[in-house]
Each structure stands twice: as C-alpha cells, then as structure tokens.
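Undergrad: My file is target07.csv. It has CSV, C-alpha atoms:
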chain,number,residue,atom,x,y,z
D,1,MET,CA,7.6,-5.6,-17.3
D,2,ALA,CA,3.8,-5.5,-17.0
D,3,GLU,CA,4.0,-2.0,-15.4
D,4,GLN,CA,6.2,-0.7,-18.3
D,5,ALA,CA,3.6,-2.0,-20.9
D,6,ASP,CA,0.9,-0.4,-18.8
D,7,ILE,CA,2.7,2.9,-18.9
D,8,GLN,CA,3.3,2.7,-22.7
D,9,ALA,CA,-0.4,2.1,-23.2
D,10,LEU,CA,-1.3,5.3,-21.4
D,11,SER,CA,-2.1,8.5,-23.4
D,12,PHE,CA,0.2,11.4,-22.8
D,13,GLU,CA,-2.6,13.1,-20.8
D,14,ASP,CA,-3.3,10.1,-18.6
D,15,ALA,CA,0.4,9.6,-17.9
D,16,LEU,CA,0.8,13.2,-17.0
D,17,LYS,CA,-2.2,13.1,-14.6
D,18,GLU,CA,-0.9,10.0,-12.9
D,19,LEU,CA,2.5,11.6,-12.6
D,20,GLU,CA,0.9,14.7,-11.0
D,21,ARG,CA,-0.9,12.4,-8.5
D,22,ILE,CA,2.4,10.7,-7.6
D,23,VAL,CA,4.2,14.0,-7.1
D,24,ALA,CA,1.4,15.3,-4.8
D,25,ARG,CA,1.5,12.1,-2.8
D,26,LEU,CA,5.3,12.3,-2.4
D,27,GLU,CA,5.2,16.0,-1.5
D,28,SER,CA,2.6,15.3,1.2
D,29,GLY,CA,5.2,13.3,3.1
D,30,GLU,CA,2.5,10.8,4.2
D,31,ALA,CA,3.8,7.9,2.1
D,32,PRO,CA,5.8,5.2,4.1
D,33,LEU,CA,9.4,4.8,2.8
D,34,GLN,CA,8.8,1.7,0.6
D,35,GLU,CA,5.7,3.3,-0.9
D,36,ALA,CA,7.6,6.5,-1.6
D,37,ILE,CA,10.4,4.5,-3.3
D,38,ASP,CA,7.8,2.6,-5.4
D,39,LEU,CA,6.0,5.8,-6.3
D,40,TYR,CA,9.3,7.5,-7.3
D,41,ALA,CA,10.2,4.6,-9.5
D,42,ARG,CA,6.8,4.7,-11.3
D,43,GLY,CA,7.0,8.5,-11.5
D,44,ASP,CA,10.3,8.3,-13.2
D,45,GLU,CA,9.0,5.8,-15.8
D,46,LEU,CA,6.0,8.0,-16.4
D,47,ARG,CA,8.3,11.0,-16.8
D,48,GLN,CA,10.4,9.1,-19.4
D,49,GLN,CA,7.2,8.1,-21.3
D,50,CYS,CA,5.9,11.7,-21.4
D,51,ALA,CA,9.3,13.0,-22.5
D,52,ALA,CA,9.5,10.4,-25.3
D,53,ARG,CA,6.0,11.3,-26.5
D,54,LEU,CA,6.8,15.0,-26.5
D,55,ASP,CA,10.1,14.4,-28.4
D,56,ALA,CA,8.1,12.3,-31.0
D,57,ALA,CA,5.6,15.1,-31.4
D,58,GLN,CA,8.3,17.7,-31.7
D,59,ALA,CA,10.0,15.7,-34.4
D,60,ARG,CA,6.7,15.4,-36.3
D,61,ILE,CA,6.1,19.2,-36.0
D,62,GLU,CA,9.6,20.0,-37.2
D,63,ALA,CA,9.2,17.7,-40.2
D,64,ILE,CA,6.3,19.7,-41.6
D,65,ARG,CA,7.2,21.2,-45.0
D,66,THR,CA,6.0,24.6,-46.1
D,67,ASP,CA,5.8,26.4,-49.4
D,68,ALA,CA,7.2,29.8,-50.2
D,69,GLU,CA,4.2,31.5,-48.6
D,70,GLY,CA,4.5,29.5,-45.4
D,71,ARG,CA,1.6,27.2,-46.0
D,72,ALA,CA,1.9,23.5,-44.9
D,73,THR,CA,2.4,21.3,-48.0
D,74,GLY,CA,3.2,18.0,-46.3
D,75,THR,CA,5.6,16.4,-44.1
D,76,VAL,CA,9.1,15.0,-44.4
D,77,PRO,CA,9.3,11.3,-43.6
When written as structure tokens, how does the structure in this file appear?

TA:
Amino acid sequence: MAEQADIQALSFEDALKELERIVARLESGEAPLQEAIDLYARGDELRQQCAARLDAAQARIEAIRTDAEGRATGTVP
C-alpha cells in the first residue's frame, strides 16, 4: 500500500516520467524476469494514476460555463 500512496502523491508529470523510464527499461530487454514483472506492475499503477488525473482534468474543463459570446463565466460544480 505504501507504493500506491507514493504513486498518488506524484504529480502527473512525475508519474508520466517514471512510466516512460519503466517502458524504456522493459523495452531494453535487460531486466531479469522478476524485475520486469515488478516494473510492469508499477507501470500499470502509474498508468492508472495518469489516466485518473487526465479524466479529472477533462471533467473540470467540460464543466466550464460560457456566456452567449463564448467567454468563460464560471464552472459547473
């Protein structure tokens, strides 16, 4: 559970950078089997965290209200 809390504390950018490092390590083929399995599991958790952050951001963007001229007037809760 400590790893999950660690992932949730990462910014989107930091999680994405770590995910990119994991993908590069896996693609290199140099990781022993157990390390590859562990890297894959962490990468999947990072991917889920990034997706959740993007979904939340999209929901906030879609909730922006505009007036008749297209100017932002606020957000919908």

Undergrad: So what do you get for CA of Arg25 in chain D versus CA of Asp44 in chain D, distance-wise?

TA: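 Atom-to-atom, CA of Arg25 in chain D to CA of Asp44 in chain D, that is 14.1 Å.
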
Undergrad: Taking all atoms listed in the file into account, produce a table as JSON lines in which each residue of range 6-43 of chain D with an atom at most 10 Å from an atom of range 52-75 of chain D appears once, together with its shortest atom pair and the distance in Å to one decimal, ordered by chain and rising number.

TA:
{"residue": "D:Gln8", "atom": "CA", "partner": "D:Arg53", "partner_atom": "CA", "distance": 9.8}
{"residue": "D:Ser11", "atom": "CA", "partner": "D:Arg53", "partner_atom": "CA", "distance": 9.1}
{"residue": "D:Phe12", "atom": "CA", "partner": "D:Arg53", "partner_atom": "CA", "distance": 6.9}

Undergrad: CA of Leu10 in chain D and CA of Asp38 in chain D are how many Å apart?

TA: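 The value is 18.6 Å.
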
Undergrad: Measure the distance from CA of Ala15 in chain D to CA of Arg47 in chain D in Å and round it to one decimal.

TA: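 Distance reported for this atom pair: 8.1 Å.
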
Undergrad: Tell me which of D:Ile37, D:Ala5, D:Ala31, D:Cys50 sits closest to Leu19 in chain D, counting all atoms listed in the file.

TA: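 Looking only at the distances to Leu19 in chain D, the closest residue turns out to be D:Cys50.
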
Undergrad: For Val23 in chain D, which of D:Glu3, D:Ala9, D:Gln49, D:Ala36 is the closest residue, counting all atoms listed in the file?

TA: D:Ala36
